[in-house]
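Asks: So here's start_0.cif, just mmCIF, C-alpha atoms:
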```
data_protein
#
loop_
_atom_site.label_atom_id
_atom_site.label_comp_id
_atom_site.auth_asym_id
_atom_site.auth_seq_id
_atom_site.Cartn_x
_atom_site.Cartn_y
_atom_site.Cartn_z
CA MET A 78 90.29 56.23 -109.83
CA VAL A 79 94.09 56.32 -109.87
CA PRO A 80 95.41 53.35 -111.88
CA SER A 81 98.65 52.94 -109.91
CA THR A 82 96.71 52.98 -106.62
CA VAL A 83 94.26 50.37 -107.93
CA ARG A 84 97.10 48.12 -109.16
CA SER A 85 98.87 48.49 -105.82
CA GLY A 86 95.66 47.64 -103.96
CA LEU A 87 95.13 44.51 -106.06
CA LYS A 88 98.74 43.48 -105.46
CA THR A 89 98.24 43.94 -101.71
CA ARG A 90 95.14 41.73 -101.74
CA LEU A 91 96.90 39.03 -103.78
CA ALA A 92 99.88 39.12 -101.39
CA THR A 93 97.59 37.71 -98.69
CA ILE A 94 97.87 34.34 -100.46
CA SER A 95 100.80 32.55 -98.85
CA GLY A 96 103.67 31.77 -101.21
CA LEU A 97 102.33 33.81 -104.14
CA LYS A 98 104.79 36.32 -105.64
CA THR A 99 102.85 39.44 -106.69
CA TYR A 100 103.58 42.19 -109.20
CA ASP A 101 101.73 45.47 -109.80
CA TYR A 102 103.66 46.02 -113.03
CA ILE A 103 104.35 43.81 -116.03
CA PRO A 104 107.76 42.22 -115.31
CA ASP A 105 110.35 40.93 -117.78
CA SER A 106 110.49 37.63 -115.88
CA VAL A 107 108.28 36.01 -113.24
CA ASN A 108 108.98 33.96 -110.13
CA VAL A 109 106.25 31.31 -109.93
CA PRO A 110 103.75 30.91 -108.61
CA GLY A 111 103.13 34.54 -109.44
CA ALA A 112 100.30 36.98 -110.01
CA VAL A 113 100.77 39.90 -112.39
CA VAL A 114 98.32 42.80 -112.12
CA GLY A 115 97.89 44.20 -115.61
CA GLN A 116 96.99 47.63 -116.88
CA LEU A 117 93.50 49.04 -116.42
CA ASP A 118 90.98 49.43 -119.23
CA LEU A 119 89.06 52.55 -118.20
CA ASP A 120 85.66 53.93 -119.22
CA PHE A 121 85.27 57.53 -118.10
CA ASP A 122 82.01 59.22 -117.10
CA ALA A 123 79.79 56.19 -116.56
CA ALA A 124 77.54 58.56 -114.61
CA LEU A 125 76.82 62.22 -115.34
CA ASN A 126 79.14 65.02 -114.24
CA ARG A 127 82.10 62.76 -113.56
CA GLY A 128 79.97 60.76 -111.14
CA LEU A 129 81.92 57.57 -111.63
CA ASP A 130 84.29 55.68 -113.86
CA ARG A 131 84.32 51.97 -114.67
CA ALA A 132 87.42 49.92 -115.23
CA SER A 133 88.50 46.36 -115.76
CA CYS A 134 91.84 44.80 -115.01
CA THR A 135 93.34 41.47 -115.95
CA ILE A 136 95.34 39.53 -113.41
CA LEU A 137 97.56 36.82 -114.80
CA LEU A 138 98.09 33.94 -112.36
CA ILE A 139 101.10 31.88 -113.47
CA VAL A 140 102.41 28.53 -112.24
CA GLY A 141 105.27 26.35 -113.43
CA ARG A 142 104.82 23.25 -115.53
CA MET A 143 106.46 20.97 -112.92
CA SER A 144 104.43 18.10 -114.29
CA GLU A 145 101.13 17.96 -116.11
CA SER A 146 99.11 17.31 -112.97
CA ALA A 147 101.12 19.30 -110.40
CA GLY A 148 100.75 22.61 -112.25
CA GLN A 149 97.03 22.07 -112.82
CA THR A 150 96.49 21.07 -109.19
CA LYS A 151 98.23 24.29 -108.08
CA LEU A 152 96.00 26.33 -110.41
CA ASP A 153 92.87 24.59 -109.09
CA GLY A 154 93.55 25.94 -105.59
CA TYR A 155 93.82 29.49 -106.91
CA LEU A 156 90.66 29.02 -108.98
CA ALA A 157 88.50 27.97 -106.01
CA SER A 158 85.81 30.52 -105.10
CA SER A 159 86.80 30.41 -101.42
CA GLY A 160 89.67 29.30 -99.23
CA SER A 161 93.13 30.50 -98.31
CA THR A 162 94.53 30.22 -101.86
CA SER A 163 91.48 31.57 -103.71
CA VAL A 164 92.31 34.58 -105.89
CA LYS A 165 88.63 35.64 -105.94
CA ALA A 166 88.31 35.45 -102.14
CA ALA A 167 91.58 37.33 -101.56
CA ILE A 168 90.64 40.21 -103.86
CA GLU A 169 87.01 40.48 -102.77
CA ALA A 170 87.97 40.53 -99.06
CA ASP A 171 88.36 44.32 -99.54
CA VAL A 172 86.01 45.42 -102.31
CA THR A 173 87.15 49.06 -102.02
CA LEU A 174 90.88 48.34 -102.06
CA GLY A 175 91.30 50.57 -99.03
CA GLY A 176 89.15 53.31 -100.57
CA ALA A 177 90.79 53.33 -104.02
CA VAL A 178 87.47 52.32 -105.67
CA GLN A 179 83.80 52.24 -104.70
CA THR A 180 83.47 48.52 -105.36
CA LEU A 181 84.88 45.64 -107.37
CA ARG A 182 84.23 42.03 -108.24
CA VAL A 183 86.14 39.22 -109.88
CA THR A 184 83.96 38.24 -112.83
CA ASN A 185 85.77 35.37 -114.55
CA ALA A 186 88.90 33.30 -114.95
CA THR A 187 90.04 31.95 -118.30
CA ALA A 188 92.44 29.01 -118.51
CA GLY A 189 95.45 29.04 -120.77
CA SER A 190 99.19 29.25 -120.92
CA VAL A 191 101.67 32.06 -121.23
CA GLN A 192 105.28 32.41 -122.30
CA VAL A 193 107.55 34.61 -120.21
CA ALA A 194 111.26 35.00 -121.03
CA ALA A 195 111.07 32.02 -123.45
CA THR A 196 109.56 29.71 -120.79
CA ASP A 197 106.06 28.23 -121.07
CA TYR A 198 103.81 28.37 -118.00
CA LEU A 199 100.25 27.37 -117.12
CA ALA A 200 98.04 30.35 -116.31
CA TYR A 201 94.63 31.76 -115.58
CA ARG A 202 93.56 35.24 -116.67
CA TYR A 203 91.22 36.76 -114.10
CA THR A 204 89.04 39.74 -114.93
CA VAL A 205 88.31 42.23 -112.18
CA GLU A 206 85.58 44.85 -112.74
CA LEU A 207 86.00 48.06 -110.77
CA ILE A 208 83.73 51.05 -110.16
CA GLY A 209 85.17 54.22 -108.75
#
```
Could you quickly redo this structure as structure tokens?

Replies:
Amino acid sequence: MVPSTVRSGLKTRLATISGLKTYDYIPDSVNVPGAVVGQLDLDFDAALNRGLDRASCTILLIVGRMSESAGQTKLDGYLASSGSTSVKAAIEADVTLGGAVQTLRVTNATAGSVQVAATDYLAYRYTVELIG
């Protein structure tokens, strides 16, 4: 499992969501709505003789605080389990990321906020589990 290839694959899947700016690195500033693919947490040798590795990756989905309800409404569309703006559906449409991993799944999304370049945003942190 090559971390840069996995991050690139996740960015490619997220880019299928119309209007979503995607990053496969942690930027100094973000154009919203934006999705930032974080670094991988990697567990080596989950099976004997280098049979497979397990990893998890956090994706930070960020929207502006246009108004209290507008930002939340935007996040709700990304949080849906299906549909054209669903983060889960976009990522899981190719569970191998073009062969970069054996399989993956989006396991959860945690609501919150984030500050980027001294600006507060609404956000969800998605966890993606990967096996490769």

Asks: Which residues are near Ile103 (chain A)? Cut-off 9 Å, all atoms listed in the file, ignore same chain within fewer than 3 positions. Put them as a list in words.

Replies: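 After dropping sequence-adjacent residues, the list is Tyr100, Ser106, Val113, Val114, Gly115 and Gln116 of chain A.
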
Asks: For the structure provided, state which residues fall under the PyMOL selection byres ((chain A and resi 182-186) around 6), and present them as a list of chain:residue names.

Replies: A:Lys165, A:Leu181, A:Thr187, A:Tyr201, A:Arg202, A:Tyr203, A:Thr204, A:Val205, A:Glu206

Asks: Using only C-alpha atoms, pick whichever of A:Thr135, A:Asp130, A:Ala188, A:Thr93 has the shortest atom-to-atom distance to Ala166 (chain A).

Replies: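 Nearest candidate to Ala166 (chain A) out of A:Thr135, A:Asp130, A:Ala188, A:Thr93: A:Thr93.
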
Asks: Between A:Ile168, A:Leu207, A:Ile139, A:Leu152, which one has atoms that come closest to Ser190 (chain A), using only C-alpha atoms?

Replies: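 Of A:Ile168, A:Leu207, A:Ile139, A:Leu152, the one nearest Ser190 (chain A) is A:Ile139, counting only C-alpha atoms.
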
Asks: Considering only C-alpha atoms, state which residue in the set A:Gly175, A:Gly96, A:Pro104, A:Gly160 is at the smallest distance from Val140 (chain A).

Replies: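 Among A:Gly175, A:Gly96, A:Pro104, A:Gly160, it is A:Gly96 that comes nearest to Val140 (chain A).
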
Asks: Between A:Gln179, A:Ser133, A:Thr89, A:Thr196, single out the one closest to Ala112 (chain A), counting all atoms listed in the file.

Replies: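 Closest residue, counting all atoms listed in the file: A:Thr89.
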
Asks: So how many Å separate CA of Ser158 (chain A) and CA of Ala170 (chain A), to one decimal?

Replies: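 Between CA of Ser158 (chain A) and CA of Ala170 (chain A) the gap works out to 11.9 Å.
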
Asks: When you count all atoms listed in the file, which of these residues is closest to Leu138 (chain A): A:Asp105, A:Asp153, A:Glu169, A:Asp118?

Replies: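 Under the stated criterion, the closest residue is A:Asp153.
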
Asks: Kindly give the distance, in Å, that separates CA of Gly141 (chain A) and CA of Leu91 (chain A), rounded to a single decimal.

Replies: 18.0 Å
